[in-house]
file data.pdb (PDB, C-alpha atoms)
ATOM      1  CA  MET Y  17       7.075  30.497  77.245
ATOM      2  CA  ASN Y  18       8.772  33.067  79.399
ATOM      3  CA  SER Y  19       8.737  36.199  77.323
ATOM      4  CA  GLY Y  20       7.966  39.201  79.421
ATOM      5  CA  ASN Y  21       9.239  37.644  82.640
ATOM      6  CA  PRO Y  22      12.729  38.983  83.345
ATOM      7  CA  ASP Y  23      13.268  36.590  86.227
ATOM      8  CA  VAL Y  24      13.116  33.482  84.084
ATOM      9  CA  PRO Y  25      16.123  32.898  81.817
ATOM     10  CA  THR Y  26      15.386  32.617  78.111
ATOM     11  CA  ALA Y  27      15.795  29.065  76.809
ATOM     12  CA  ARG Y  28      18.411  29.038  74.070
ATOM     13  CA  VAL Y  29      19.169  26.623  71.285
ATOM     14  CA  THR Y  30      21.567  26.801  68.393
ATOM     15  CA  ALA Y  31      20.645  27.378  64.767
ATOM     16  CA  LEU Y  32      22.985  27.016  61.817
ATOM     17  CA  LEU Y  33      23.068  30.041  59.540
ATOM     18  CA  ALA Y  34      24.066  29.737  55.901
ATOM     19  CA  ASP Y  35      24.757  32.813  53.795
ATOM     20  CA  TYR Y  36      23.159  32.239  50.389
ATOM     21  CA  ALA Y  37      23.916  35.739  49.100
ATOM     22  CA  ARG Y  38      25.589  38.897  50.321
ATOM     23  CA  SER Y  39      24.018  39.901  53.660
ATOM     24  CA  ARG Y  40      21.332  37.255  53.266
ATOM     25  CA  ALA Y  41      21.172  34.100  55.295
ATOM     26  CA  VAL Y  42      18.849  31.244  56.054
ATOM     27  CA  ALA Y  43      18.719  29.145  59.196
ATOM     28  CA  PHE Y  44      18.583  25.395  59.595
ATOM     29  CA  ALA Y  45      17.920  23.304  62.655
ATOM     30  CA  PRO Y  46      21.260  21.706  63.594
ATOM     31  CA  HIS Y  47      19.732  18.225  63.491
ATOM     32  CA  ALA Y  48      18.884  18.777  59.815
ATOM     33  CA  THR Y  49      22.472  19.582  58.836
ATOM     34  CA  LEU Y  50      24.742  16.601  58.423
ATOM     35  CA  GLU Y  51      28.019  17.567  56.795
ATOM     36  CA  LEU Y  52      29.825  20.393  55.075
ATOM     37  CA  VAL Y  53      31.650  19.104  51.997
ATOM     38  CA  GLU Y  54      34.523  21.320  50.882
ATOM     39  CA  ARG Y  55      35.151  21.560  47.137
ATOM     40  CA  PRO Y  56      32.398  19.130  46.282
ATOM     41  CA  VAL Y  57      32.610  17.211  43.026
ATOM     42  CA  ILE Y  58      29.184  17.726  41.491
ATOM     43  CA  THR Y  59      27.970  16.199  38.245
ATOM     44  CA  PRO Y  60      25.694  18.601  36.348
ATOM     45  CA  ILE Y  61      22.546  17.161  34.772
ATOM     46  CA  PRO Y  62      21.575  18.107  31.222
ATOM     47  CA  GLY Y  63      18.284  19.976  31.081
ATOM     48  CA  ALA Y  64      17.911  20.108  34.856
ATOM     49  CA  ALA Y  65      16.123  22.830  36.803
ATOM     50  CA  TYR Y  66      17.677  26.299  36.555
ATOM     51  CA  TYR Y  67      18.710  26.218  40.226
ATOM     52  CA  ALA Y  68      20.267  22.731  40.053
ATOM     53  CA  HIS Y  69      23.979  22.270  40.588
ATOM     54  CA  GLY Y  70      23.650  18.536  40.020
ATOM     55  CA  LEU Y  71      24.404  15.301  41.835
ATOM     56  CA  LEU Y  72      26.937  14.882  44.621
ATOM     57  CA  ARG Y  73      28.237  11.528  45.711
ATOM     58  CA  TRP Y  74      27.925  11.543  49.467
ATOM     59  CA  GLN Y  75      28.607   8.459  51.546
ATOM     60  CA  ASP Y  76      26.904   5.591  49.731
ATOM     61  CA  ARG Y  77      24.379   7.633  47.765
ATOM     62  CA  PHE Y  78      23.940  10.535  45.397
ATOM     63  CA  VAL Y  79      22.266  13.673  46.689
ATOM     64  CA  PRO Y  80      20.803  16.600  44.751
ATOM     65  CA  VAL Y  81      22.616  19.917  45.147
ATOM     66  CA  ILE Y  82      20.707  23.146  44.561
ATOM     67  CA  ASP Y  83      21.517  26.850  44.573
ATOM     68  CA  LEU Y  84      19.240  28.632  47.013
ATOM     69  CA  HIS Y  85      19.917  32.132  45.740
ATOM     70  CA  THR Y  86      19.004  31.192  42.196
ATOM     71  CA  LEU Y  87      15.920  29.342  43.384
ATOM     72  CA  LEU Y  88      14.723  32.350  45.377
ATOM     73  CA  ARG Y  89      15.298  34.731  42.486
ATOM     74  CA  ALA Y  90      13.359  32.341  40.226
ATOM     75  CA  HIS Y  91      15.651  32.847  37.281
ATOM     76  CA  ALA Y  92      18.923  31.397  36.165
ATOM     77  CA  ASP Y  93      22.294  32.932  35.658
ATOM     78  CA  ALA Y  94      23.994  32.046  32.394
ATOM     79  CA  ALA Y  95      25.806  29.299  34.237
ATOM     80  CA  LEU Y  96      25.801  28.504  37.919
ATOM     81  CA  LYS Y  97      29.194  28.857  39.536
ATOM     82  CA  ARG Y  98      30.537  25.696  41.051
ATOM     83  CA  PRO Y  99      30.040  26.078  44.813
ATOM     84  CA  ARG Y 100      32.971  25.969  47.177
ATOM     85  CA  TYR Y 101      30.953  24.057  49.760
ATOM     86  CA  ALA Y 102      27.974  21.761  49.799
ATOM     87  CA  LEU Y 103      25.955  21.607  52.996
ATOM     88  CA  VAL Y 104      24.303  18.194  53.205
ATOM     89  CA  LEU Y 105      20.867  18.307  54.767
ATOM     90  CA  ALA Y 106      18.474  15.636  55.973
ATOM     91  CA  TRP Y 107      14.715  15.570  55.804
ATOM     92  CA  GLN Y 108      11.755  13.285  56.206
ATOM     93  CA  ARG Y 109       8.549  13.194  54.190
ATOM     94  CA  ALA Y 110       6.617  12.298  57.336
ATOM     95  CA  ALA Y 111       7.289  11.354  60.915
ATOM     96  CA  GLY Y 112       8.746   7.873  60.972
ATOM     97  CA  ALA Y 113       9.649   7.938  57.277
ATOM     98  CA  PRO Y 114      13.255   7.207  56.354
ATOM     99  CA  LEU Y 115      15.722  10.073  56.219
ATOM    100  CA  GLU Y 116      16.356  11.535  52.780
ATOM    101  CA  HIS Y 117      19.140  13.869  51.801
ATOM    102  CA  GLY Y 118      19.841  16.915  49.725
ATOM    103  CA  ALA Y 119      22.408  19.701  49.724
ATOM    104  CA  ILE Y 120      22.734  23.405  49.037
ATOM    105  CA  GLY Y 121      25.766  25.024  47.478
ATOM    106  CA  LEU Y 122      27.519  27.680  49.565
ATOM    107  CA  THR Y 123      30.423  30.059  49.114
ATOM    108  CA  ALA Y 124      31.314  30.116  52.831
ATOM    109  CA  PRO Y 125      30.913  27.739  55.756
ATOM    110  CA  PRO Y 126      27.790  28.130  57.856
ATOM    111  CA  ARG Y 127      27.948  29.767  61.286
ATOM    112  CA  ARG Y 128      26.081  29.211  64.509
ATOM    113  CA  LEU Y 129      23.569  31.505  66.186
ATOM    114  CA  GLU Y 130      22.279  31.166  69.708
ATOM    115  CA  VAL Y 131      18.532  31.383  69.473
ATOM    116  CA  GLY Y 132      16.077  32.206  72.231
ATOM    117  CA  THR Y 133      12.478  33.241  72.336
ATOM    118  CA  ASP Y 134      13.716  36.808  72.031
ATOM    119  CA  THR Y 135      15.342  35.951  68.682
ATOM    120  CA  VAL Y 136      12.248  34.634  66.994
ATOM    121  CA  ALA Y 137      11.008  37.251  64.603
ATOM    122  CA  SER Y 138       8.702  38.730  62.360
ATOM    123  CA  PRO Y 139       6.971  37.619  59.163
ATOM    124  CA  LEU Y 140       8.798  36.020  56.269
ATOM    125  CA  PRO Y 141      10.622  38.398  53.934
ATOM    126  CA  ASN Y 142       8.725  39.459  50.845
ATOM    127  CA  ASP Y 143      11.629  39.467  48.411
ATOM    128  CA  SER Y 144      10.704  36.051  46.992
ATOM    129  CA  ASP Y 145       7.391  34.300  46.408
ATOM    130  CA  LEU Y 146       9.074  31.092  47.462
ATOM    131  CA  TRP Y 147       9.547  31.842  51.133
ATOM    132  CA  PRO Y 148       6.118  30.567  52.223
ATOM    133  CA  LEU Y 149       6.828  27.316  50.366
ATOM    134  CA  ILE Y 150      10.113  26.556  52.078
ATOM    135  CA  ALA Y 151      10.073  28.373  55.427
ATOM    136  CA  ASN Y 152       7.680  28.639  58.357
ATOM    137  CA  SER Y 153       9.134  31.397  60.471
ATOM    138  CA  CYS Y 154      12.139  33.639  60.946
ATOM    139  CA  LEU Y 155      14.894  34.550  63.336
ATOM    140  CA  ARG Y 156      16.314  37.981  63.864
ATOM    141  CA  ASP Y 157      20.058  38.600  64.034
ATOM    142  CA  GLY Y 158      20.597  42.319  64.540
ATOM    143  CA  ASP Y 159      18.846  43.976  61.625
ATOM    144  CA  HIS Y 160      18.737  40.793  59.578
ATOM    145  CA  VAL Y 161      15.631  38.658  59.259
ATOM    146  CA  ILE Y 162      16.620  35.057  58.711
ATOM    147  CA  PRO Y 163      14.036  32.563  57.441
ATOM    148  CA  ILE Y 164      14.158  29.122  59.026
ATOM    149  CA  ILE Y 165      14.165  26.573  56.221
ATOM    150  CA  ASP Y 166      11.984  23.491  56.345
ATOM    151  CA  THR Y 167      14.315  21.069  54.580
ATOM    152  CA  SER Y 168      11.514  18.682  53.701
ATOM    153  CA  ARG Y 169       9.589  21.406  51.914
ATOM    154  CA  LEU Y 170      12.761  22.716  50.281
ATOM    155  CA  PHE Y 171      13.369  19.388  48.571
ATOM    156  CA  THR Y 172       9.783  18.315  47.887
ATOM    157  CA  SER Y 173       7.933  21.509  46.903
ATOM    158  CA  GLU Y 174       7.203  22.253  43.278
ATOM    159  CA  HIS Y 175       9.644  25.007  42.361
ATOM    160  CA  GLY Y 176       8.511  25.213  38.754
TER     161      GLY Y 176
ATOM    162  CA  MET T1171       4.677  10.168  39.941
ATOM    163  CA  ASP T1172       5.205   8.509  43.280
ATOM    164  CA  ARG T1173       7.865  10.781  44.700
ATOM    165  CA  SER T1174       8.316   8.620  47.742
ATOM    166  CA  ALA T1175      10.085   6.226  45.395
ATOM    167  CA  ALA T1176      12.325   8.940  43.969
ATOM    168  CA  MET T1177      15.583   7.424  45.186
ATOM    169  CA  THR T1178      14.461   3.822  45.464
ATOM    170  CA  PRO T1179      16.569   1.789  43.094
ATOM    171  CA  PRO T1180      14.570  -0.297  40.653
ATOM    172  CA  ALA T1181      15.679  -3.803  39.764
ATOM    173  CA  PRO T1182      18.891  -3.927  37.738
ATOM    174  CA  ARG T1183      18.491  -4.143  33.966
ATOM    175  CA  ARG T1184      20.491  -6.615  31.960
ATOM    176  CA  GLY T1185      21.301  -6.153  28.312
ATOM    177  CA  ASN T1186      23.621  -4.562  25.814
ATOM    178  CA  PHE T1187      24.355  -0.882  26.245
ATOM    179  CA  VAL T1188      26.686   1.771  24.870
ATOM    180  CA  LEU T1189      28.420   4.447  26.920
ATOM    181  CA  LEU T1190      29.021   7.604  24.891
ATOM    182  CA  ARG T1191      31.170  10.491  26.076
ATOM    183  CA  ALA T1192      30.906  14.100  24.918
ATOM    184  CA  ASP T1193      33.273  16.318  26.889
ATOM    185  CA  ALA T1194      32.440  15.528  30.550
ATOM    186  CA  LEU T1195      28.993  14.162  29.707
ATOM    187  CA  TRP T1196      28.508  10.404  29.709
ATOM    188  CA  LEU T1197      25.335   8.939  28.265
ATOM    189  CA  LEU T1198      24.099   5.358  28.412
ATOM    190  CA  LEU T1199      21.959   4.203  25.511
ATOM    191  CA  PRO T1200      20.581   0.791  24.598
ATOM    192  CA  GLN T1201      22.908  -0.770  22.046
ATOM    193  CA  HIS T1202      20.106  -1.285  19.526
ATOM    194  CA  GLU T1203      19.712   2.519  19.280
ATOM    195  CA  VAL T1204      23.363   3.105  18.373
ATOM    196  CA  GLY T1205      24.727   2.410  14.906
ATOM    197  CA  ALA T1206      28.139   1.080  13.966
ATOM    198  CA  ILE T1207      31.115   3.129  15.098
ATOM    199  CA  GLN T1208      32.974   5.001  12.380
ATOM    200  CA  TYR T1209      36.172   6.986  12.606
ATOM    201  CA  LEU T1210      36.130  10.604  11.481
ATOM    202  CA  ASP T1211      39.248  10.959   9.325
ATOM    203  CA  ALA T1212      39.072  14.715   9.040
ATOM    204  CA  PRO T1213      37.039  17.463  10.662
ATOM    205  CA  PRO T1214      33.887  18.554   8.833
ATOM    206  CA  GLU T1215      34.406  20.884   5.864
ATOM    207  CA  ALA T1216      31.750  23.337   6.940
ATOM    208  CA  THR T1217      31.041  24.217  10.518
ATOM    209  CA  GLY T1218      27.553  25.155  11.559
ATOM    210  CA  ALA T1219      28.210  28.409  13.273
ATOM    211  CA  GLU T1220      24.490  29.139  13.280
ATOM    212  CA  SER T1221      22.745  25.796  13.355
ATOM    213  CA  GLY T1222      25.122  23.844  15.520
ATOM    214  CA  LEU T1223      25.165  21.186  12.784
ATOM    215  CA  HIS T1224      28.298  20.542  10.739
ATOM    216  CA  ARG T1225      28.512  19.212   7.177
ATOM    217  CA  GLN T1226      30.713  16.476   5.864
ATOM    218  CA  GLN T1227      30.922  15.419   2.236
ATOM    219  CA  LEU T1228      30.971  11.665   1.710
ATOM    220  CA  ALA T1229      31.210   9.672  -1.516
ATOM    221  CA  ASP T1230      27.456   9.125  -1.512
ATOM    222  CA  GLY T1231      26.563  12.689  -0.570
ATOM    223  CA  PRO T1232      26.725  15.128   2.337
ATOM    224  CA  ARG T1233      25.786  14.299   5.884
ATOM    225  CA  GLN T1234      25.205  16.376   8.975
ATOM    226  CA  LEU T1235      27.385  15.916  12.028
ATOM    227  CA  ALA T1236      26.644  17.027  15.559
ATOM    228  CA  ALA T1237      28.872  17.282  18.612
ATOM    229  CA  LEU T1238      27.382  17.709  22.055
ATOM    230  CA  SER T1239      28.571  19.882  24.916
ATOM    231  CA  SER T1240      28.655  18.600  28.480
ATOM    232  CA  HIS T1241      25.172  20.148  28.827
ATOM    233  CA  MET T1242      23.857  18.064  25.921
ATOM    234  CA  THR T1243      23.570  21.089  23.651
ATOM    235  CA  LEU T1244      25.008  21.364  20.141
ATOM    236  CA  LEU T1245      28.518  22.770  19.903
ATOM    237  CA  HIS T1246      28.996  25.426  17.245
ATOM    238  CA  ALA T1247      32.757  24.958  17.090
ATOM    239  CA  PHE T1248      33.566  21.378  16.190
ATOM    240  CA  PRO T1249      35.885  19.911  18.846
ATOM    241  CA  THR T1250      39.006  18.178  17.639
ATOM    242  CA  ASP T1251      38.571  15.192  19.943
ATOM    243  CA  ARG T1252      35.258  14.053  18.417
ATOM    244  CA  VAL T1253      36.645  11.423  16.132
ATOM    245  CA  LEU T1254      34.148   8.637  16.788
ATOM    246  CA  VAL T1255      30.893   8.804  14.861
ATOM    247  CA  THR T1256      27.684   6.862  15.302
ATOM    248  CA  ALA T1257      24.192   7.044  13.930
ATOM    249  CA  LEU T1258      21.416   7.067  16.497
ATOM    250  CA  VAL T1259      18.186   5.301  15.589
ATOM    251  CA  GLY T1260      15.455   7.644  14.371
ATOM    252  CA  THR T1261      17.676  10.709  14.092
ATOM    253  CA  PRO T1262      18.901  12.169  10.792
ATOM    254  CA  ILE T1263      22.262  13.246  12.200
ATOM    255  CA  ALA T1264      25.619  11.532  12.680
ATOM    256  CA  TRP T1265      26.735  12.111  16.274
ATOM    257  CA  CYS T1266      30.392  12.591  17.181
ATOM    258  CA  TRP T1267      31.914  11.372  20.430
ATOM    259  CA  SER T1268      35.172  11.533  22.329
ATOM    260  CA  GLU T1269      34.929   8.018  23.700
ATOM    261  CA  ILE T1270      32.663   5.014  23.306
ATOM    262  CA  LYS T1271      32.393   1.873  25.417
ATOM    263  CA  VAL T1272      30.189  -1.046  24.436
ATOM    264  CA  LEU T1273      28.787  -3.046  27.346
ATOM    265  CA  ILE T1274      27.647  -6.538  26.338
ATOM    266  CA  ASP T1275      25.288  -8.573  28.511
ATOM    267  CA  THR T1276      25.787  -6.172  31.370
ATOM    268  CA  SER T1277      23.644  -5.519  34.414
ATOM    269  CA  VAL T1278      23.119  -1.830  35.136
ATOM    270  CA  GLN T1279      21.545  -0.334  38.228
ATOM    271  CA  ALA T1280      19.717   2.820  37.222
ATOM    272  CA  LEU T1281      18.847   5.403  39.894
ATOM    273  CA  SER T1282      16.213   8.101  39.549
ATOM    274  CA  ILE T1283      17.290  11.714  39.321
ATOM    275  CA  PRO T1284      15.736  13.398  42.375
ATOM    276  CA  HIS T1285      12.551  15.222  41.502
ATOM    277  CA  VAL T1286      13.782  18.532  42.907
ATOM    278  CA  LEU T1287      16.300  18.670  40.046
ATOM    279  CA  HIS T1288      13.754  18.079  37.291
ATOM    280  CA  ALA T1289      12.709  20.774  34.849
ATOM    281  CA  PRO T1290      10.068  20.578  32.137
ATOM    282  CA  GLY T1291      11.562  18.822  29.125
ATOM    283  CA  ILE T1292      14.469  17.280  31.001
ATOM    284  CA  PRO T1293      15.916  14.673  28.616
ATOM    285  CA  VAL T1294      17.250  12.311  31.285
ATOM    286  CA  ARG T1295      15.506  10.885  34.338
ATOM    287  CA  GLU T1296      17.894   8.171  35.461
ATOM    288  CA  PHE T1297      21.596   7.683  35.865
ATOM    289  CA  VAL T1298      24.038   4.878  36.483
ATOM    290  CA  GLU T1299      27.407   4.867  38.142
ATOM    291  CA  HIS T1300      30.327   3.556  36.098
ATOM    292  CA  ASP T1301      34.098   3.555  36.223
ATOM    293  CA  ALA T1302      34.428   7.196  35.226
ATOM    294  CA  GLY T1303      31.542   8.606  37.248
ATOM    295  CA  ILE T1304      27.902   9.127  36.346
ATOM    296  CA  ALA T1305      26.295   8.282  33.021
ATOM    297  CA  PHE T1306      22.802   9.488  32.246
ATOM    298  CA  VAL T1307      20.359   6.955  30.872
ATOM    299  CA  CYS T1308      18.967   8.335  27.651
ATOM    300  CA  ASP T1309      17.303   7.295  24.423
ATOM    301  CA  ALA T1310      18.179   8.496  20.964
ATOM    302  CA  GLN T1311      14.936  10.369  20.338
ATOM    303  CA  ALA T1312      15.122  12.296  23.615
ATOM    304  CA  LEU T1313      18.760  13.157  23.014
ATOM    305  CA  CYS T1314      18.098  14.498  19.525
ATOM    306  CA  ALA T1315      14.907  16.338  20.521
ATOM    307  CA  PHE T1316      16.636  18.066  23.430
ATOM    308  CA  ALA T1317      19.827  19.019  21.587
ATOM    309  CA  VAL T1318      18.161  20.244  18.411
ATOM    310  CA  GLY T1319      15.230  21.783  20.300
ATOM    311  CA  HIS T1320      17.572  23.687  22.601
ATOM    312  CA  GLU T1321      19.376  25.040  19.547
ATOM    313  CA  SER T1322      16.096  26.187  17.977
ATOM    314  CA  MET T1323      15.111  27.993  21.160
ATOM    315  CA  ALA T1324      18.507  29.662  21.444
ATOM    316  CA  ARG T1325      18.238  31.167  17.963
TER     317      ARG T1325
END

call {"tool": "encode", "arguments": {"input": "data.pdb", "output": "structure tokens"}}
result
Amino acid sequence: MNSGNPDVPTARVTALLADYARSRAVAFAPHATLELVERPVITPIPGAAYYAHGLLRWQDRFVPVIDLHTLLRAHADAALKRPRYALVLAWQRAAGAPLEHGAIGLTAPPRRLEVGTDTVASPLPNDSDLWPLIANSCLRDGDHVIPIIDTSRLFTSEHG
Amino acid sequence: MDRSAAMTPPAPRRGNFVLLRADALWLLLPQHEVGAIQYLDAPPEATGAESGLHRQQLADGPRQLAALSSHMTLLHAFPTDRVLVTALVGTPIAWCWSEIKVLIDTSVQALSIPHVLHAPGIPVREFVEHDAGIAFVCDAQALCAFAVGHESMAR
């Protein structure tokens, strides 16, 4: 850790930012993001969770697609809009366990942010009770606090 | 539930099944739960604007018809393409479909719907892939309970 020492350059890595609502973004580790599917064909599931878009055929499997904004608000719109993009994510239940997959619906492609120790921020936002369930920490991009999503917890936590 | 097995495919099942289509929704039911297919000559006389159930007068008395949306809820306006009618075992309603395919002595590979998509009362927990996409594995009781129950809650 080199914070406070101006002579040592700050180590930087790249995070992928996904806007889930206007002026609100989440970050993913690049190794957890596999593919951006444009105009995904998603099959809705009768009686599924309020934040569920449905099932997307991706490669040789079907992956669940969820709407992060709806999940974080904890209530459903009358009908979820079909997303323009699906960002396919990978996760593991435990170290050494096989990779599993899920996706979030997006209206715009994700963007990259260079992250250093000076970018790591502040506590999780308090605009949703779900943040502690799906994120560990945050980044700061200007005035914006950006939770870093734990994809395993996103797809395995009880969201009620 | 062992969630680690959420996407692990179980052994294929062999038997007789029926694929039923309502709008974009495909359902797969065991054949023994689906009655003989009838053709609906004319739309129902009375539409169930409130109940979601429609009435048809037959020679031996009236019967109730139901048509599902792609979300498995009852449609209040009877769609013109629902010309195929079947009974479903244990339900008092005649169900109307756009398309029906009977699969005899067929092996189907059912996959679990990922747990993250589940909600309390979800009527389907598995799906199969077929020529036209995904069909949800369902049973007649769950179908009826969900469709009629959803209607009761909406009123």

call {"tool": "resolve_selection", "arguments": {"input": "data.pdb", "expression": "the PyMOL selection byres ((chain T) within 7 of (chain Y))", "output": "JSON, numbers by chain"}}
result
{"T": [1241, 1242, 1284, 1286, 1287, 1288, 1289, 1292, 1293]}

call {"tool": "resolve_selection", "arguments": {"input": "data.pdb", "expression": "the PyMOL selection byres ((chain Y and resi 86) around 12)", "output": "VMD selection string"}}
result
chain Y and resid 36 to 37 65 to 69 82 to 85 87 to 97 120 to 122 144 146 175

call {"tool": "residues_around", "arguments": {"input": "data.pdb", "residues": "T:Pro1180", "least_positions_apart": "5", "cutoff": "9 Å", "atoms": "only C-alpha atoms", "output": "number ranges by chain"}}
result
T: 1279-1282

call {"tool": "resolve_selection", "arguments": {"input": "data.pdb", "expression": "the PyMOL selection byres ((chain T and resi 1278) around 6)", "output": "NGL selection string"}}
result
:T and (1182-1183 or 1277 or 1279)

call {"tool": "atom_distance", "arguments": {"input": "data.pdb", "atom1": "atom CA of T:Arg1191", "atom2": "atom CA of T:Ala1236"}}
result
13.2 Å
